[in-house]
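Step one of this worksheet: look at the structure below.
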Amino acid sequence: MGRQLNKLTALKVKNLKFEDSSSNKHTDGAGLYLYTHKNGSKYWRMDYTSPITSKRNTLALGVYPTITLEAARKRRDEVRQQIANNIDPAEMREQVKQQAKANAKNSFRHIAEQWIEAIALQNCLSILKVFDSYFLSTSHKPYLKLIA
């Protein structure tokens with residue numbers, strides 16, 4: 001007989017509290033557990049073995065009640081599918097973040113902001129040249145004679 005899945009119920013998850021005397025890891029099966037914190041927060045986590053490095057990892061799946069028991073189980077099943085396909089979920093998550101950053105750098109807004117900064121710098125430099133030429137020609141004159 002295999003390991004039991006879906007040990008937790010929605011009501012049990014809702015009523016879980018932090019206890020000093022326990023590990024505060026409430027397992028649901030297949031590596032999924034709900035960790036209760038001293039401040040009352042509840043965090044969904046999943047322990048798995050990386051298919052690439054064969055080392056144990058813990059993946060954060062979200063915070064209860066934002067992520068419900070059903071949603072956490074769905075995420076667990078997605079992670080297990082990735083592992084079955086020799087994909088490390090933590091590395092996959094990092095690749096998605098890096099791709100999002102690269103996409104943000106290639107957005108129209110980012111490119112437009114860079115262009116505006118370049119134009120502003122050019123305008124500032126040309127204004128400074130005008131001021132320099134004016135101040136060089138008038139720098140030896142007293143201030144009161146300049147404004148009169």
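In the structure tokens, each chain is lettered A, B, ... as it comes, each chain's residues begin at 1, and ligands are numbered from 1 in order of appearance.
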Problem - stretch 80-93 of chain A environment, 9 Å, only C-alpha atoms, sequence neighbours closer than 2 positions dropped, as a list of chain:residue names - result: A:Ala30, A:Tyr48, A:Thr49, A:Ser50, A:Pro51, A:Ile52, A:Thr53, A:Asn57, A:Thr58, A:Leu59, A:Arg75, A:Arg76, A:Asp77, A:Glu78, A:Gln95, A:Val96, A:Lys97, A:Gln98
So that I have them on file, write out the residues from the current selection with all heavy atoms, as a compact mmCIF listing (two decimals), in the first residue's frame.
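For reference, part12.txt as written:
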```txt
# COMPACT_ATOMS: atom_id res chain seq x y z
N ALA A 30 2.72 13.31 -0.17
CA ALA A 30 3.54 13.56 -1.37
C ALA A 30 4.39 14.81 -1.24
O ALA A 30 4.60 15.53 -2.20
CB ALA A 30 2.66 13.62 -2.62
N TYR A 48 10.87 18.10 -1.93
CA TYR A 48 11.07 17.21 -3.07
C TYR A 48 12.55 16.97 -3.27
O TYR A 48 13.37 17.70 -2.73
CB TYR A 48 10.44 17.80 -4.35
CG TYR A 48 11.17 19.00 -4.88
CD1 TYR A 48 12.09 18.89 -5.91
CD2 TYR A 48 10.94 20.27 -4.35
CE1 TYR A 48 12.77 20.00 -6.39
CE2 TYR A 48 11.62 21.38 -4.83
CZ TYR A 48 12.53 21.23 -5.85
OH TYR A 48 13.20 22.33 -6.32
N THR A 49 12.87 15.98 -4.06
CA THR A 49 14.26 15.70 -4.41
C THR A 49 14.47 16.19 -5.84
O THR A 49 13.74 15.80 -6.75
CB THR A 49 14.56 14.19 -4.33
OG1 THR A 49 14.29 13.77 -2.98
CG2 THR A 49 16.01 13.90 -4.66
N SER A 50 15.48 17.04 -6.01
CA SER A 50 15.77 17.60 -7.32
C SER A 50 16.15 16.49 -8.30
O SER A 50 17.03 15.67 -7.99
CB SER A 50 16.91 18.61 -7.24
OG SER A 50 17.34 18.99 -8.53
N PRO A 51 15.54 16.45 -9.47
CA PRO A 51 15.90 15.42 -10.44
C PRO A 51 17.29 15.64 -11.04
O PRO A 51 17.87 14.72 -11.61
CB PRO A 51 14.82 15.54 -11.51
CG PRO A 51 14.31 16.93 -11.39
CD PRO A 51 14.46 17.31 -9.95
N ILE A 52 17.83 16.84 -10.90
CA ILE A 52 19.13 17.17 -11.48
C ILE A 52 20.25 16.88 -10.50
O ILE A 52 21.23 16.21 -10.83
CB ILE A 52 19.15 18.64 -11.94
CG1 ILE A 52 18.09 18.83 -13.03
CG2 ILE A 52 20.52 19.05 -12.44
CD1 ILE A 52 17.77 20.26 -13.35
N THR A 53 20.12 17.39 -9.26
CA THR A 53 21.20 17.25 -8.29
C THR A 53 20.97 16.12 -7.29
O THR A 53 21.86 15.81 -6.51
CB THR A 53 21.36 18.56 -7.49
OG1 THR A 53 20.13 18.81 -6.77
CG2 THR A 53 21.69 19.72 -8.39
N ASN A 57 15.08 19.56 -1.61
CA ASN A 57 14.75 20.99 -1.68
C ASN A 57 13.38 21.21 -1.10
O ASN A 57 12.55 20.30 -1.04
CB ASN A 57 14.75 21.48 -3.13
CG ASN A 57 16.12 21.57 -3.73
OD1 ASN A 57 17.10 21.76 -3.01
ND2 ASN A 57 16.21 21.41 -5.03
N THR A 58 13.13 22.45 -0.70
CA THR A 58 11.81 22.85 -0.25
C THR A 58 11.34 23.99 -1.14
O THR A 58 12.06 24.95 -1.38
CB THR A 58 11.84 23.33 1.22
OG1 THR A 58 12.31 22.24 2.03
CG2 THR A 58 10.47 23.74 1.70
N LEU A 59 10.12 23.85 -1.64
CA LEU A 59 9.55 24.84 -2.54
C LEU A 59 8.38 25.52 -1.85
O LEU A 59 7.51 24.84 -1.30
CB LEU A 59 9.08 24.14 -3.82
CG LEU A 59 8.63 25.01 -4.97
CD1 LEU A 59 9.82 25.78 -5.54
CD2 LEU A 59 8.02 24.15 -6.07
N ARG A 75 -1.05 22.68 -7.14
CA ARG A 75 0.34 23.08 -7.36
C ARG A 75 1.30 21.92 -7.07
O ARG A 75 2.28 21.73 -7.77
CB ARG A 75 0.69 24.29 -6.50
CG ARG A 75 0.04 25.56 -6.99
CD ARG A 75 0.50 26.76 -6.22
NE ARG A 75 -0.17 27.96 -6.70
CZ ARG A 75 0.14 29.18 -6.31
NH1 ARG A 75 1.11 29.38 -5.44
NH2 ARG A 75 -0.52 30.22 -6.79
N ARG A 76 1.00 21.15 -6.02
CA ARG A 76 1.82 19.97 -5.71
C ARG A 76 1.82 19.01 -6.88
O ARG A 76 2.88 18.50 -7.27
CB ARG A 76 1.28 19.27 -4.47
CG ARG A 76 1.99 17.93 -4.19
CD ARG A 76 1.24 17.03 -3.25
NE ARG A 76 -0.07 16.68 -3.77
CZ ARG A 76 -1.07 16.23 -3.02
NH1 ARG A 76 -0.91 16.09 -1.73
NH2 ARG A 76 -2.23 15.92 -3.55
N ASP A 77 0.66 18.77 -7.46
CA ASP A 77 0.57 17.84 -8.59
C ASP A 77 1.34 18.38 -9.81
O ASP A 77 1.99 17.61 -10.53
CB ASP A 77 -0.89 17.57 -8.95
CG ASP A 77 -1.62 16.82 -7.84
OD1 ASP A 77 -0.95 16.19 -7.00
OD2 ASP A 77 -2.87 16.88 -7.81
N GLU A 78 1.30 19.69 -10.03
CA GLU A 78 2.06 20.30 -11.13
C GLU A 78 3.56 20.12 -10.91
O GLU A 78 4.31 19.80 -11.84
CB GLU A 78 1.71 21.78 -11.26
CG GLU A 78 0.30 22.03 -11.76
CD GLU A 78 -0.12 23.49 -11.61
OE1 GLU A 78 0.67 24.32 -11.10
OE2 GLU A 78 -1.26 23.80 -12.00
N GLN A 95 14.00 30.58 -13.92
CA GLN A 95 14.03 30.89 -15.35
C GLN A 95 12.86 31.78 -15.75
O GLN A 95 13.01 32.70 -16.55
CB GLN A 95 14.02 29.61 -16.19
CG GLN A 95 15.32 28.84 -16.14
CD GLN A 95 15.23 27.51 -16.87
OE1 GLN A 95 14.18 27.11 -17.36
NE2 GLN A 95 16.35 26.81 -16.94
N VAL A 96 11.70 31.52 -15.19
CA VAL A 96 10.51 32.34 -15.48
C VAL A 96 10.73 33.77 -14.99
O VAL A 96 10.40 34.74 -15.69
CB VAL A 96 9.25 31.71 -14.85
CG1 VAL A 96 8.08 32.66 -14.89
CG2 VAL A 96 8.91 30.41 -15.55
N LYS A 97 11.32 33.91 -13.80
CA LYS A 97 11.61 35.25 -13.27
C LYS A 97 12.60 35.99 -14.16
O LYS A 97 12.43 37.17 -14.45
CB LYS A 97 12.18 35.15 -11.84
CG LYS A 97 11.16 34.85 -10.79
CD LYS A 97 11.83 34.83 -9.42
CE LYS A 97 10.88 34.38 -8.33
NZ LYS A 97 11.55 34.32 -7.02
N GLN A 98 13.66 35.29 -14.58
CA GLN A 98 14.66 35.91 -15.45
C GLN A 98 14.06 36.33 -16.78
O GLN A 98 14.38 37.39 -17.31
CB GLN A 98 15.85 34.96 -15.67
CG GLN A 98 16.65 34.66 -14.43
CD GLN A 98 17.25 35.90 -13.79
OE1 GLN A 98 17.63 36.84 -14.45
NE2 GLN A 98 17.30 35.89 -12.46
```
Stretch 10-27 of chain A: which residues within 10 Å, counting only C-alpha atoms, same-chain residues fewer than 6 positions away excluded, as a tab-separated table (two decimals) with C-alpha atoms, in the first residue's frame?
```tsv
chain	number	residue	atom	x	y	z
A	33	TYR	CA	2.70	20.36	4.13
A	34	LEU	CA	1.32	23.42	5.88
A	35	TYR	CA	3.78	25.16	8.19
A	36	THR	CA	2.23	27.22	10.99
A	37	HIS	CA	4.23	30.16	12.32
A	38	LYS	CA	4.24	31.78	15.79
A	39	ASN	CA	2.51	34.89	14.44
A	40	GLY	CA	-0.41	32.81	13.15
A	41	SER	CA	0.65	32.73	9.50
A	42	LYS	CA	0.32	29.49	7.58
A	43	TYR	CA	2.65	28.65	4.69
A	44	TRP	CA	2.27	25.93	2.06
A	45	ARG	CA	5.58	24.16	1.38
A	46	MET	CA	6.62	21.12	-0.56
A	64	TYR	CA	-2.96	30.23	3.43
A	65	PRO	CA	-5.76	31.44	3.01
A	68	THR	CA	-6.47	27.17	-0.44
A	69	LEU	CA	-5.95	23.48	0.29
A	70	GLU	CA	-7.29	22.56	-3.16
```
Handout entry: Backbone-only DSSP, alpha helix (DSSP H) members of stretch 12-84 of chain A, as a ChimeraX atom specification
Key = /A:12-15,69-84
Handout entry: For atom CA of A:Gly29 and atom CA of A:Thr66, the interatomic separation in Å (one decimal)
Key =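 So the answer is 20.3 Å.
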Exercise for the section: List every residue of chain A that DSSP, applied to the backbone of this structure, assigns to strand (DSSP E), and report them as a list in words. Expected result: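 The strand (DSSP E) subset of chain A is Lys25, His26, Thr27, Asp28, Gly29, Leu32, Tyr33, Leu34, Tyr35, Thr36, Lys42, Tyr43, Trp44, Arg45, Met46, Asp47, Tyr48, Thr49, Arg56, Asn57, Thr58, Leu59, Ala60, Leu61, Gly62, Val63 and Tyr64 of chain A.
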Completion exercise
atom CA of A:Ser54 sits from atom CA of A:Val79 at a separation of 15.4 Å
